[in-house]
>>> print(open('protein_36.cif').read())   # mmCIF, C-alpha atoms
data_input
loop_
_atom_site.label_atom_id
_atom_site.label_comp_id
_atom_site.auth_asym_id
_atom_site.auth_seq_id
_atom_site.Cartn_x
_atom_site.Cartn_y
_atom_site.Cartn_z
CA MET A 1 33.83 162.79 48.60
CA SER A 2 35.02 159.57 50.19
CA LYS A 3 38.47 158.32 49.25
CA ILE A 4 38.92 154.87 47.76
CA THR A 5 41.75 152.36 48.01
CA HIS A 6 44.03 151.34 45.11
CA GLN A 7 42.38 147.93 45.11
CA ARG A 8 38.92 149.48 44.88
CA ALA A 9 40.08 151.89 42.17
CA GLN A 10 41.44 149.04 40.07
CA ALA A 11 38.23 147.07 40.56
CA LEU A 12 36.28 150.14 39.41
CA LEU A 13 38.52 150.40 36.36
CA GLN A 14 37.58 146.82 35.49
CA ILE A 15 33.90 147.69 35.92
CA ALA A 16 34.40 150.77 33.74
CA ALA A 17 35.88 148.58 31.04
CA ASP A 18 32.55 146.74 30.92
CA GLN A 19 30.61 150.02 30.93
CA MET A 20 28.87 149.20 34.19
CA LEU A 21 30.16 152.08 36.28
CA LYS A 22 27.61 154.07 38.30
CA PRO A 23 27.89 157.90 38.32
CA ALA A 24 28.97 158.05 41.99
CA GLU A 25 31.69 155.45 41.37
CA LYS A 26 32.80 157.34 38.28
CA SER A 27 33.50 160.56 40.21
CA ALA A 28 35.25 158.70 43.05
CA LEU A 29 37.46 156.94 40.52
CA ALA A 30 38.27 160.13 38.63
CA ALA A 31 39.30 161.82 41.88
CA HIS A 32 41.54 158.90 42.82
CA LEU A 33 43.22 158.76 39.41
CA THR A 34 44.22 162.43 39.50
CA GLU A 35 46.16 161.75 42.68
CA CYS A 36 47.44 158.20 42.19
CA LYS A 37 50.18 157.51 39.64
CA GLU A 38 50.06 153.75 40.23
CA CYS A 39 46.37 153.50 39.41
CA SER A 40 46.75 155.89 36.46
CA ALA A 41 49.40 153.56 35.05
CA TYR A 42 47.05 150.65 35.67
CA ALA A 43 44.28 152.48 33.79
CA ASN A 44 46.62 153.17 30.88
CA ASN A 45 47.74 149.55 30.72
CA LEU A 46 44.17 148.36 30.76
CA SER A 47 43.19 150.77 28.02
CA THR A 48 46.20 149.71 25.90
CA LEU A 49 45.28 146.08 26.41
CA GLU A 50 41.71 146.69 25.25
CA THR A 51 42.92 148.48 22.14
CA SER A 52 45.43 145.70 21.44
CA LEU A 53 42.78 143.00 21.85
CA ARG A 54 40.47 144.74 19.35
CA ARG A 55 43.33 145.20 16.88
CA ILE A 56 44.58 141.61 17.16
CA PHE A 57 41.14 140.07 16.83
CA HIS A 58 40.22 142.13 13.80
CA ALA A 59 43.61 141.60 12.15
CA ASN A 60 43.25 137.85 12.50
CA TRP A 61 39.67 137.25 11.62
CA ASP A 62 38.30 140.09 9.50
CA THR A 63 39.99 138.86 6.35
CA GLN A 64 38.32 135.44 6.53
CA HIS A 65 35.04 134.81 4.77
CA SER A 66 32.51 132.04 5.01
CA ASN A 67 31.64 129.85 2.09
CA LEU A 68 28.29 128.29 2.85
CA ASN A 69 26.39 125.81 0.74
CA LEU A 70 22.79 127.01 0.98
CA GLN A 71 21.32 123.76 -0.34
CA LYS A 72 23.16 121.76 2.30
CA ILE A 73 21.62 123.95 4.97
CA ILE A 74 18.08 123.88 3.56
CA ASN A 75 18.18 120.17 2.70
CA PRO A 76 20.80 118.57 4.94
CA SER A 77 21.58 114.91 4.36
CA PRO A 78 19.55 112.56 6.62
CA THR A 79 22.77 111.32 8.22
CA LYS A 80 23.88 114.85 9.03
CA LEU A 81 20.44 115.71 10.40
CA LEU A 82 20.31 112.59 12.56
CA TRP A 83 23.83 113.22 13.81
CA ASN A 84 22.92 116.81 14.68
CA ILE A 85 19.74 115.74 16.48
CA LEU A 86 21.54 113.08 18.49
CA PHE A 87 24.90 114.69 19.09
CA GLY A 88 24.62 118.29 17.81
CA GLN A 89 25.45 120.02 21.04
CA MET A 90 26.63 117.07 23.06
CA GLY A 91 30.11 116.85 24.46
CA ALA A 92 32.56 113.96 24.18
CA MET A 93 31.46 112.63 27.58
CA GLY A 94 27.86 112.50 26.42
CA LYS A 95 28.78 110.52 23.35
CA ALA A 96 30.93 108.15 25.39
CA THR A 97 28.01 107.61 27.80
CA ILE A 98 25.67 106.71 24.94
CA VAL A 99 28.17 104.23 23.49
CA ALA A 100 28.67 102.67 26.95
CA ALA A 101 24.89 102.45 27.45
CA LEU A 102 24.46 100.73 24.06
CA LEU A 103 27.18 98.20 24.88
CA LEU A 104 25.65 97.55 28.30
CA GLY A 105 22.22 97.10 26.70
CA TYR A 106 23.69 94.62 24.22
CA PHE A 107 25.12 92.42 26.98
CA VAL A 108 21.99 92.69 29.13
CA ILE A 109 19.84 91.49 26.22
CA ALA A 110 22.34 88.73 25.44
CA ASN A 111 22.20 87.47 29.03
CA LEU A 112 18.43 87.89 29.26
CA PHE A 113 17.86 85.47 26.40
CA GLY A 114 20.54 83.16 27.71
CA THR A 115 22.10 82.78 24.33
CA ARG A 116 24.92 84.24 22.45
CA LEU A 117 23.78 86.80 19.93
CA PRO A 118 23.94 85.89 16.23
CA ILE A 119 27.05 87.91 15.67
CA LEU A 120 28.92 85.73 18.17
CA SER A 121 27.21 82.42 17.44
CA ASP A 122 28.89 79.52 15.70
CA GLU A 123 26.12 77.04 16.34
CA THR A 124 23.58 78.18 13.82
CA ALA A 125 23.98 75.10 11.65
CA THR A 126 23.36 72.57 14.42
CA THR A 127 20.37 74.37 15.96
CA LEU A 128 18.41 74.78 12.76
CA PRO A 129 15.15 72.83 12.90
CA ILE A 130 14.97 69.95 10.47
CA PRO A 131 11.67 69.50 8.66
CA ASN A 132 9.84 66.30 9.57
CA GLU A 133 9.79 65.00 6.04
CA PHE A 134 13.57 64.99 6.12
CA ALA A 135 13.78 62.51 8.92
CA PRO A 136 17.39 61.49 9.28
CA VAL A 137 18.43 58.02 8.39
CA TYR A 138 21.82 56.98 9.62
CA SER A 139 23.91 54.97 7.29
CA ALA A 140 26.35 53.97 9.93
CA SER A 141 26.55 53.85 13.65
CA PRO A 142 29.40 52.88 15.89
CA THR A 143 27.35 50.44 17.92
CA PRO A 144 24.02 48.76 17.18
CA SER A 145 22.44 50.09 20.33
CA ALA A 146 23.68 53.64 20.05
CA GLN A 147 21.22 56.48 19.44
CA PHE A 148 22.43 59.70 17.96
CA SER A 149 21.00 63.10 18.14
CA LEU A 150 21.63 65.77 15.57
CA THR A 151 21.60 68.47 18.22
CA GLY A 152 24.37 66.81 20.12
CA SER A 153 24.46 66.50 23.89
CA THR A 154 26.75 66.82 26.83
CA SER A 155 28.17 64.05 28.95
CA GLN A 156 25.78 65.07 31.74
CA ALA A 157 22.69 64.73 29.58
CA CYS A 158 23.77 61.56 27.79
CA GLU A 159 22.11 58.23 28.58
CA THR A 160 24.47 55.53 29.73
CA SER A 161 24.46 51.78 30.08
CA ILE A 162 26.38 49.86 32.69
CA TYR A 163 29.04 47.49 31.50
CA LEU A 164 30.40 44.83 33.81
CA VAL A 165 34.11 44.37 33.17
CA GLN A 166 34.88 40.78 32.15
CA GLU A 167 38.05 38.79 32.65
CA ASN A 168 40.81 39.87 30.22
CA ASP A 169 39.03 43.12 29.40
CA THR A 170 41.15 46.24 29.07
CA LEU A 171 40.01 49.82 28.78
CA ALA A 172 41.15 49.83 25.17
CA SER A 173 39.17 46.68 24.34
CA ILE A 174 36.03 48.04 26.05
CA ALA A 175 36.37 51.30 24.17
CA LEU A 176 36.84 49.48 20.89
CA GLN A 177 33.91 47.20 21.63
CA HIS A 178 31.62 50.20 22.18
CA GLY A 179 33.10 52.35 19.46
CA ILE A 180 34.16 55.08 21.80
CA THR A 181 37.47 56.38 23.01
CA GLN A 182 39.19 55.43 26.23
CA GLU A 183 39.07 59.07 27.31
CA THR A 184 35.27 59.10 27.05
CA ILE A 185 35.03 56.13 29.42
CA LEU A 186 37.50 57.72 31.83
CA GLU A 187 35.58 60.98 31.70
CA HIS A 188 32.17 59.39 32.29
CA ASN A 189 33.43 57.32 35.20
CA ASN A 190 35.61 59.99 36.76
CA LEU A 191 38.64 57.74 36.45
CA ILE A 192 42.21 58.93 36.39
CA SER A 193 43.92 55.62 35.69
CA SER A 194 43.16 53.38 32.71
CA THR A 195 43.43 50.26 34.86
CA VAL A 196 40.20 48.25 35.02
CA PHE A 197 39.54 45.06 36.90
CA THR A 198 37.10 42.20 36.62
CA GLY A 199 33.67 42.89 38.10
CA MET A 200 34.09 46.68 37.85
CA GLU A 201 31.02 48.55 36.63
CA LEU A 202 31.64 51.12 33.94
CA ALA A 203 29.16 53.68 32.66
CA ILE A 204 29.18 53.62 28.87
CA PRO A 205 27.66 56.69 27.14
CA LEU A 206 25.06 55.70 24.55
CA CYS A 207 24.33 58.96 22.84
CA ASN A 208 27.57 60.08 21.44
CA ASN A 209 31.18 59.75 21.99
CA THR A 210 33.87 62.32 21.93
CA PRO A 211 33.14 65.77 20.43
CA SER A 212 35.41 65.02 17.50
CA HIS A 213 33.59 61.80 16.91
CA THR A 214 30.26 63.63 16.86
CA ALA A 215 31.56 66.08 14.33
CA THR A 216 32.67 63.23 12.12
CA LEU A 217 29.28 61.62 12.40
CA THR A 218 27.44 64.80 11.63
CA GLU A 219 29.50 65.75 8.67
CA ASN A 220 30.48 62.49 7.08
CA MET A 221 28.33 59.64 8.23
CA ILE A 222 24.80 60.92 8.48
CA THR A 223 22.71 60.75 5.38
CA ILE A 224 19.46 62.63 5.36
CA THR A 225 16.95 61.09 3.05
CA PRO A 226 13.50 62.59 2.53
CA ILE A 227 10.59 60.21 2.85
CA ASN A 228 9.37 58.92 -0.51
CA GLU A 229 12.52 60.08 -2.09
CA THR A 230 15.87 58.49 -2.43
CA LEU A 231 19.13 60.10 -3.05
CA PHE A 232 19.92 57.72 -5.88
CA PRO A 233 16.64 56.70 -7.44
CA THR A 234 16.85 53.36 -9.14
CA GLN A 235 17.04 53.62 -12.83
CA PRO A 236 14.14 51.95 -14.67
CA GLN A 237 15.28 48.72 -16.13
CA MET B 238 11.16 145.88 12.20
CA LYS B 239 10.21 143.36 14.85
CA GLU B 240 7.11 142.39 12.83
CA GLU B 241 9.24 142.02 9.71
CA ARG B 242 11.58 139.69 11.58
CA ALA B 243 8.62 137.66 12.90
CA GLY B 244 7.24 137.40 9.36
CA LEU B 245 10.60 136.26 8.01
CA ILE B 246 10.93 133.64 10.75
CA ALA B 247 7.39 132.40 10.10
CA ASP B 248 8.21 132.05 6.39
CA CYS B 249 11.37 130.11 7.29
CA ILE B 250 9.34 127.75 9.50
CA ASN B 251 7.00 127.15 6.56
CA GLY B 252 10.01 126.14 4.46
CA ASN B 253 10.11 129.19 2.20
CA GLU B 254 13.56 128.88 0.64
CA THR B 255 13.79 132.55 -0.29
CA ALA B 256 13.12 133.53 3.32
CA ILE B 257 15.70 131.00 4.56
CA ALA B 258 18.26 132.35 2.12
CA GLN B 259 17.53 135.90 3.29
CA LEU B 260 17.88 134.93 6.95
CA ILE B 261 21.17 133.14 6.30
CA GLN B 262 22.46 136.04 4.22
CA GLU B 263 21.68 138.46 7.03
CA TYR B 264 23.39 136.53 9.83
CA GLN B 265 25.99 134.54 7.93
CA LEU B 266 28.92 136.86 8.51
CA GLY B 267 28.17 137.41 12.19
CA VAL B 268 27.81 133.69 12.91
CA PHE B 269 30.93 132.87 10.90
CA ARG B 270 32.97 135.51 12.72
CA LEU B 271 31.75 134.12 16.03
CA THR B 272 32.60 130.51 15.19
CA LEU B 273 35.91 131.64 13.71
CA SER B 274 36.80 133.62 16.82
CA ILE B 275 36.17 130.56 18.98
CA LEU B 276 37.72 127.92 16.72
CA ASN B 277 40.38 130.05 14.95
CA ASP B 278 40.18 127.81 11.90
CA PRO B 279 38.31 129.08 8.81
CA ASP B 280 37.38 125.61 7.50
CA GLU B 281 36.09 124.40 10.83
CA ALA B 282 34.33 127.72 11.40
CA ASN B 283 32.59 127.30 8.05
CA GLU B 284 31.37 123.85 9.03
CA ALA B 285 30.25 125.13 12.44
CA THR B 286 28.37 127.99 10.73
CA GLN B 287 26.63 125.53 8.45
CA ASP B 288 25.72 123.33 11.44
CA THR B 289 24.46 126.40 13.30
CA PHE B 290 21.99 127.26 10.57
CA ILE B 291 20.87 123.63 10.19
CA ALA B 292 20.27 123.42 13.96
CA ALA B 293 18.59 126.85 14.04
CA LEU B 294 16.23 126.06 11.16
CA ARG B 295 15.32 122.76 12.80
CA SER B 296 14.46 124.40 16.11
CA LEU B 297 13.12 127.69 14.79
CA LYS B 298 9.68 126.84 16.17
CA SER B 299 11.10 126.87 19.69
CA TYR B 300 12.43 130.42 19.29
CA ARG B 301 10.55 132.88 21.50
CA GLU B 302 10.85 136.59 20.98
CA ILE B 303 11.80 137.14 24.60
CA SER B 304 15.44 137.23 23.53
CA SER B 305 16.81 138.82 20.40
CA PHE B 306 17.08 136.51 17.41
CA LYS B 307 20.77 137.37 17.09
CA ALA B 308 21.45 136.34 20.70
CA TRP B 309 19.46 133.12 20.22
CA LEU B 310 21.38 132.29 17.03
CA TYR B 311 24.73 133.17 18.58
CA LYS B 312 23.94 130.92 21.52
CA ILE B 313 23.52 127.97 19.14
CA ALA B 314 26.70 128.95 17.28
CA LEU B 315 28.64 129.19 20.53
CA ASN B 316 27.43 125.79 21.73
CA ILE B 317 28.36 124.15 18.44
CA SER B 318 31.77 125.86 18.41
CA ARG B 319 32.47 124.86 22.00
CA SER B 320 31.48 121.28 21.25
CA ARG B 321 33.94 121.24 18.33
CA LEU B 322 36.61 122.90 20.44
CA ARG B 323 36.30 120.23 23.15
CA LYS B 324 36.57 117.52 20.51
CA ARG B 325 39.59 119.19 18.96
CA ASN B 326 41.27 119.69 22.33
CA ALA B 327 40.76 116.02 23.12
CA ILE B 328 42.32 115.05 19.78
CA GLU B 329 45.21 117.50 20.23
CA HIS B 330 45.81 116.18 23.73
CA LEU B 331 45.98 112.66 22.31
CA GLN B 332 48.35 113.79 19.56
CA ARG B 333 50.60 115.55 22.08
CA THR B 334 50.68 112.42 24.19
CA LEU B 335 51.55 110.29 21.17
CA ALA B 336 54.17 112.81 20.04
CA SER B 337 55.78 112.76 23.47
CA ILE B 338 55.79 108.97 23.43
CA PHE B 339 57.59 108.85 20.10
CA GLU B 340 59.54 112.04 20.87
CA ALA B 341 58.50 113.44 17.53
CA GLN B 342 59.40 117.05 16.96
CA SER B 343 56.50 118.61 15.11
CA GLN B 344 57.58 121.01 12.42
CA ASN B 345 54.44 123.11 12.11
CA SER B 346 54.19 125.64 9.34
CA PRO B 347 53.38 129.12 10.59
CA SER B 348 49.67 129.56 11.22
CA PRO B 349 47.81 132.49 9.62
CA GLU B 350 47.86 134.43 12.86
CA GLU B 351 51.61 134.04 13.13
CA VAL B 352 51.94 135.53 9.68
CA VAL B 353 49.69 138.42 10.58
CA ILE B 354 51.20 139.19 13.96
CA HIS B 355 54.61 140.79 13.63
CA ASN B 356 54.45 142.92 16.70
CA GLU B 357 56.16 141.24 19.62
CA GLU B 358 53.69 142.57 22.12
CA ASP B 359 50.69 141.47 20.08
CA ASP B 360 52.32 138.08 19.74
CA ALA B 361 52.66 137.91 23.52
CA ILE B 362 48.99 138.82 23.97
CA TRP B 363 47.95 136.16 21.47
CA LYS B 364 49.96 133.48 23.25
CA ALA B 365 48.59 134.61 26.61
CA LEU B 366 45.06 134.41 25.20
CA ASP B 367 45.72 130.85 24.12
CA LYS B 368 46.83 130.00 27.65
CA LEU B 369 43.77 131.64 29.21
CA GLY B 370 41.45 128.76 28.46
CA GLU B 371 38.10 128.89 26.72
CA LYS B 372 36.19 129.91 29.86
CA HIS B 373 37.94 133.28 30.08
CA ARG B 374 38.87 133.72 26.42
CA THR B 375 35.35 133.54 24.98
CA PRO B 376 33.96 136.52 26.97
CA LEU B 377 36.97 138.59 25.85
CA VAL B 378 36.36 137.65 22.23
CA LEU B 379 32.67 138.48 22.53
CA ARG B 380 33.46 141.80 24.20
CA TYR B 381 36.36 143.05 22.08
CA TYR B 382 35.73 141.44 18.72
CA HIS B 383 31.94 141.23 18.59
CA ASP B 384 31.43 144.40 20.68
CA LEU B 385 28.74 142.76 22.78
CA SER B 386 27.50 144.21 26.04
CA ILE B 387 27.77 142.36 29.34
CA ALA B 388 24.06 141.55 29.19
CA GLU B 389 24.45 140.04 25.70
CA ILE B 390 27.55 138.05 26.69
CA ALA B 391 25.69 136.71 29.73
CA GLU B 392 22.71 135.67 27.61
CA ILE B 393 24.75 133.98 24.88
CA THR B 394 27.07 132.13 27.22
CA GLY B 395 24.26 131.25 29.63
CA ILE B 396 25.85 132.82 32.69
CA LYS B 397 24.87 135.70 35.01
CA GLU B 398 25.99 139.24 34.23
CA GLY B 399 28.11 139.32 37.39
CA THR B 400 29.87 136.11 36.30
CA ALA B 401 30.43 137.52 32.81
CA HIS B 402 32.06 140.64 34.29
CA SER B 403 34.10 138.51 36.68
CA ARG B 404 35.44 136.33 33.85
CA LEU B 405 36.27 139.39 31.77
CA SER B 406 38.09 141.00 34.71
CA ILE B 407 40.11 137.85 35.38
CA GLY B 408 40.95 137.51 31.67
CA ARG B 409 42.06 141.14 31.37
CA GLU B 410 44.04 141.01 34.60
CA ARG B 411 45.93 137.89 33.56
CA LEU B 412 46.75 139.40 30.18
CA ARG B 413 47.82 142.67 31.77
CA ILE B 414 50.16 140.92 34.20
CA HIS B 415 51.56 138.84 31.36
CA LEU B 416 52.24 142.00 29.34
CA GLU B 417 53.88 143.73 32.29
CA ASP B 418 56.20 140.75 32.79
CA GLN B 419 56.98 140.81 29.09
CA ARG B 420 57.90 144.48 29.19
CA ARG B 421 59.98 144.01 32.31
CA ASN B 422 61.91 141.16 30.64
CA ILE B 423 62.54 143.28 27.54
CA GLY B 424 63.68 146.17 29.78
CA LYS B 425 66.28 143.91 31.39
#
>>> encode(input="protein_36.cif", output="structure tokens")
Amino acid sequence: MSKITHQRAQALLQIAADQMLKPAEKSALAAHLTECKECSAYANNLSTLETSLRRIFHANWDTQHSNLNLQKIINPSPTKLLWNILFGQMGAMGKATIVAALLLGYFVIANLFGTRLPILSDETATTLPIPNEFAPVYSASPTPSAQFSLTGSTSQACETSIYLVQENDTLASIALQHGITQETILEHNNLISSTVFTGMELAIPLCNNTPSHTATLTENMITITPINETLFPTQPQ
Amino acid sequence: MKEERAGLIADCINGNETAIAQLIQEYQLGVFRLTLSILNDPDEANEATQDTFIAALRSLKSYREISSFKAWLYKIALNISRSRLRKRNAIEHLQRTLASIFEAQSQNSPSPEEVVIHNEEDDAIWKALDKLGEKHRTPLVLRYYHDLSIAEIAEITGIKEGTAHSRLSIGRERLRIHLEDQRRNIGK
């Protein structure tokens, strides 16, 4: 019979604990244990540990009982079922990945359509199409020549006319004359200073004026009157 | 017996409520004990047991008789329990972090196991088990509480038999060393 080392004996004891020991290993181990006090002590400790583990587990858990709701198992709520299908055996990382993918998808779609999604939009009112029969009629306009658009426009897209600065003109008087602010003129002509001089050509925006001005026009000054209908029908005499 | 089981499973697939009730009745305690031994919380174990049966009934068609039904069911139970355990560990980690930030001293009431365990050595084993980590603790629980063989442990946990034995050996060895240290400290 070949002798085995302490290390091998202890490894065999571990294998024995899992009931995987082969007959030849069993006899070699038995022979070693009769001679070796150290490994015998190891075997005893291991055996005590196994007994303790069984005792502790049973003491802790045997007294507990389940309380299942059979109907909930047979007919689970749709939410529960969906949750189980999607996430039943998925870890926290999996869930986090799905949430990240959804967020990414949201922004990709938002960029693809080149617009802000409804949840973020504050322009719904101004982009709504206006039926033809409700053609807008403006009750007031800052200048006779000015054209206004309900959809608004930027300074880049706005049509302009050229104004030749006359003698005694100031930026304030030009602004007043055209019903726009001084800042709008400065902005459209890329000017820093408000000093103007005779013969200077200034671009005057025709479409709208400052953003605040547009808002005022939209909200307070525009009257929409349907064709063949008046807001205040004349009373029959 | 095997034919009876197949018949019962077929009835469950067809939605026969009596058959489902019988199947649940038969495996309820085993599944609950398994989830309880992983989660160590009766309420959470109850929920995990319920989820196990919901998941099992939903995927009963995919069950093949290559493996035992018990092993198949336990595999689902173990996956669900582990998923809950990971979630709980993440939450506990967050709570510990928050507690350390606010330097809050938690005054926990004694848990059921602390009430049960009076023996100092058993208490030491329990604490050592907690420190082992789920990877090495679960095979020990399956071996010494559920009395499963290495082959069954390997099948349920989805690892090879050699790996199952290796994890059990490591778990036992760490606990043994911990106990020896404990005894040595008491001896001093």
>>> atom_distance(input="protein_36.cif", atom1="CA of Thr5 (chain A)", atom2="CA of Ala365 (chain B)")
28.6 Å
>>> closest_residue(input="protein_36.cif", among="B:His373, B:Lys364, B:Arg420, B:Arg413", to="Ile275 (chain B)", atoms="all atoms listed in the file")
B:His373
>>> closest_residue(input="protein_36.cif", among="A:Ile180, A:Ala9, A:Leu191, A:Ala59", to="Cys36 (chain A)", atoms="only C-alpha atoms")
A:Ala9
>>> closest_residue(input="protein_36.cif", among="A:Asp62, A:Glu38, A:Glu187, A:Asp169", to="chain B", atoms="all atoms listed in the file")
A:Asp62
>>> closest_residue(input="protein_36.cif", among="A:Ala28, A:Ile204, A:Ala41, A:Leu53", to="Tyr382 (chain B)", atoms="all atoms listed in the file")
A:Leu53
>>> closest_atom_pairs(input="protein_36.cif", of="chain B", to="chain A", cutoff="8 Å", atoms="only C-alpha atoms", output="tab-separated table")
residue	atom	partner	partner_atom	distance
B:Glu254	CA	A:Ile74	CA	7.3
B:Ile257	CA	A:Ile74	CA	7.6
B:Ala258	CA	A:Leu70	CA	7.1
B:Gln265	CA	A:Ser66	CA	7.6
B:Leu266	CA	A:Ser66	CA	7.0
B:Phe269	CA	A:Ser66	CA	6.2
B:Arg270	CA	A:Trp61	CA	7.0
B:Leu273	CA	A:Trp61	CA	7.1
B:Ser274	CA	A:Trp61	CA	7.0
B:Asn277	CA	A:Trp61	CA	8.0
B:Pro279	CA	A:Gln64	CA	6.8
B:Ala282	CA	A:Ser66	CA	7.9
B:Asn283	CA	A:Ser66	CA	5.6
B:Thr286	CA	A:Leu68	CA	7.9
B:Gln287	CA	A:Ile73	CA	6.3
B:Asp288	CA	A:Ile73	CA	7.7
B:Phe290	CA	A:Ile73	CA	6.5
B:Ile291	CA	A:Ile73	CA	5.3
B:Ala292	CA	A:Asn84	CA	7.2
B:Asn316	CA	A:Gln89	CA	6.1
B:Ile317	CA	A:Gln89	CA	5.7
B:Ser320	CA	A:Gly91	CA	5.6
B:Arg323	CA	A:Gly91	CA	7.2
B:Lys324	CA	A:Ala92	CA	6.5
B:Pro349	CA	A:Asn60	CA	7.6
B:Glu350	CA	A:Asn60	CA	5.8
B:Val353	CA	A:Asn60	CA	6.7
B:Ile354	CA	A:Ile56	CA	7.7
B:Asp359	CA	A:Ile56	CA	6.8
B:Ile362	CA	A:Leu53	CA	7.8
B:Trp363	CA	A:Ile56	CA	7.7
B:Val378	CA	A:Phe57	CA	7.6
B:Tyr381	CA	A:Arg54	CA	5.2
B:Tyr382	CA	A:Arg54	CA	5.8
B:Ser386	CA	A:Asp18	CA	7.5
B:Ile387	CA	A:Asp18	CA	6.7
B:His402	CA	A:Asp18	CA	7.0
B:Ser406	CA	A:Gln14	CA	5.9
B:Arg409	CA	A:Leu46	CA	7.5
B:Leu412	CA	A:Leu49	CA	7.8
B:Arg413	CA	A:Leu46	CA	6.8
>>> atom_distance(input="protein_36.cif", atom1="CA of Arg380 (chain B)", atom2="CA of Glu410 (chain B)")
14.9 Å
>>> residues_around(input="protein_36.cif", residues="Ile4 (chain A)", least_positions_apart="5", cutoff="12 Å", atoms="all atoms listed in the file", output="number ranges by chain")
A: 9-12, 24-33, 35-36, 39
>>> closest_residue(input="protein_36.cif", among="B:Gly244, B:Gly408, B:Gly252, B:Gly267", to="Lys372 (chain B)", atoms="all atoms listed in the file")
B:Gly408
>>> atom_distance(input="protein_36.cif", atom1="CA of Leu322 (chain B)", atom2="CA of Glu371 (chain B)")
8.8 Å
>>> resolve_selection(input="protein_36.cif", expression="the PyMOL selection byres ((chain B and resi 393-396) around 10)", output="PyMOL selection string")
chain B and resi 304+307-316+372+375-376+379+385+387-392+397-401
>>> closest_residue(input="protein_36.cif", among="B:Asp384, B:Ile250, B:Leu377, B:Leu416", to="Lys298 (chain B)", atoms="only C-alpha atoms")
B:Ile250
>>> decode(input="protein_36.cif", residues="region 306-310 of chain B", atoms="all heavy atoms", output="CSV table (one decimal), in the first residue's frame")
chain,number,residue,atom,x,y,z
B,306,PHE,N,-37.5,16.8,-12.5
B,306,PHE,CA,-38.3,17.9,-12.4
B,306,PHE,C,-37.9,18.8,-11.2
B,306,PHE,O,-37.9,20.0,-11.2
B,306,PHE,CB,-39.8,17.5,-12.2
B,306,PHE,CG,-40.7,18.7,-12.2
B,306,PHE,CD1,-41.0,19.5,-13.3
B,306,PHE,CD2,-41.3,19.1,-11.0
B,306,PHE,CE1,-41.8,20.6,-13.3
B,306,PHE,CE2,-42.1,20.2,-10.9
B,306,PHE,CZ,-42.4,20.9,-12.1
B,307,LYS,N,-37.5,18.1,-10.1
B,307,LYS,CA,-37.1,18.8,-8.9
B,307,LYS,C,-35.9,19.7,-9.1
B,307,LYS,O,-35.8,20.8,-8.8
B,307,LYS,CB,-36.8,17.8,-7.8
B,307,LYS,CG,-36.4,18.3,-6.4
B,307,LYS,CD,-36.1,17.2,-5.5
B,307,LYS,CE,-35.4,17.7,-4.3
B,307,LYS,NZ,-34.9,16.6,-3.4
B,308,ALA,N,-34.9,19.1,-9.9
B,308,ALA,CA,-33.7,19.8,-10.2
B,308,ALA,C,-34.0,21.0,-11.1
B,308,ALA,O,-33.5,22.1,-10.9
B,308,ALA,CB,-32.7,18.9,-10.8
B,309,TRP,N,-34.9,20.8,-12.0
B,309,TRP,CA,-35.3,21.9,-12.9
B,309,TRP,C,-36.0,23.0,-12.2
B,309,TRP,O,-35.7,24.2,-12.4
B,309,TRP,CB,-36.2,21.3,-14.0
B,309,TRP,CG,-36.7,22.3,-15.0
B,309,TRP,CD1,-36.1,22.7,-16.1
B,309,TRP,CD2,-38.0,22.9,-15.1
B,309,TRP,NE1,-36.8,23.6,-16.8
B,309,TRP,CE2,-38.0,23.7,-16.2
B,309,TRP,CE3,-39.2,22.8,-14.3
B,309,TRP,CZ2,-39.2,24.5,-16.6
B,309,TRP,CZ3,-40.3,23.6,-14.6
B,309,TRP,CH2,-40.3,24.4,-15.8
B,310,LEU,N,-36.9,22.6,-11.3
B,310,LEU,CA,-37.6,23.6,-10.5
B,310,LEU,C,-36.7,24.4,-9.5
B,310,LEU,O,-36.7,25.6,-9.3
B,310,LEU,CB,-38.7,22.9,-9.7
B,310,LEU,CG,-39.8,23.8,-9.0
B,310,LEU,CD1,-40.6,24.6,-10.0
B,310,LEU,CD2,-40.7,22.9,-8.2
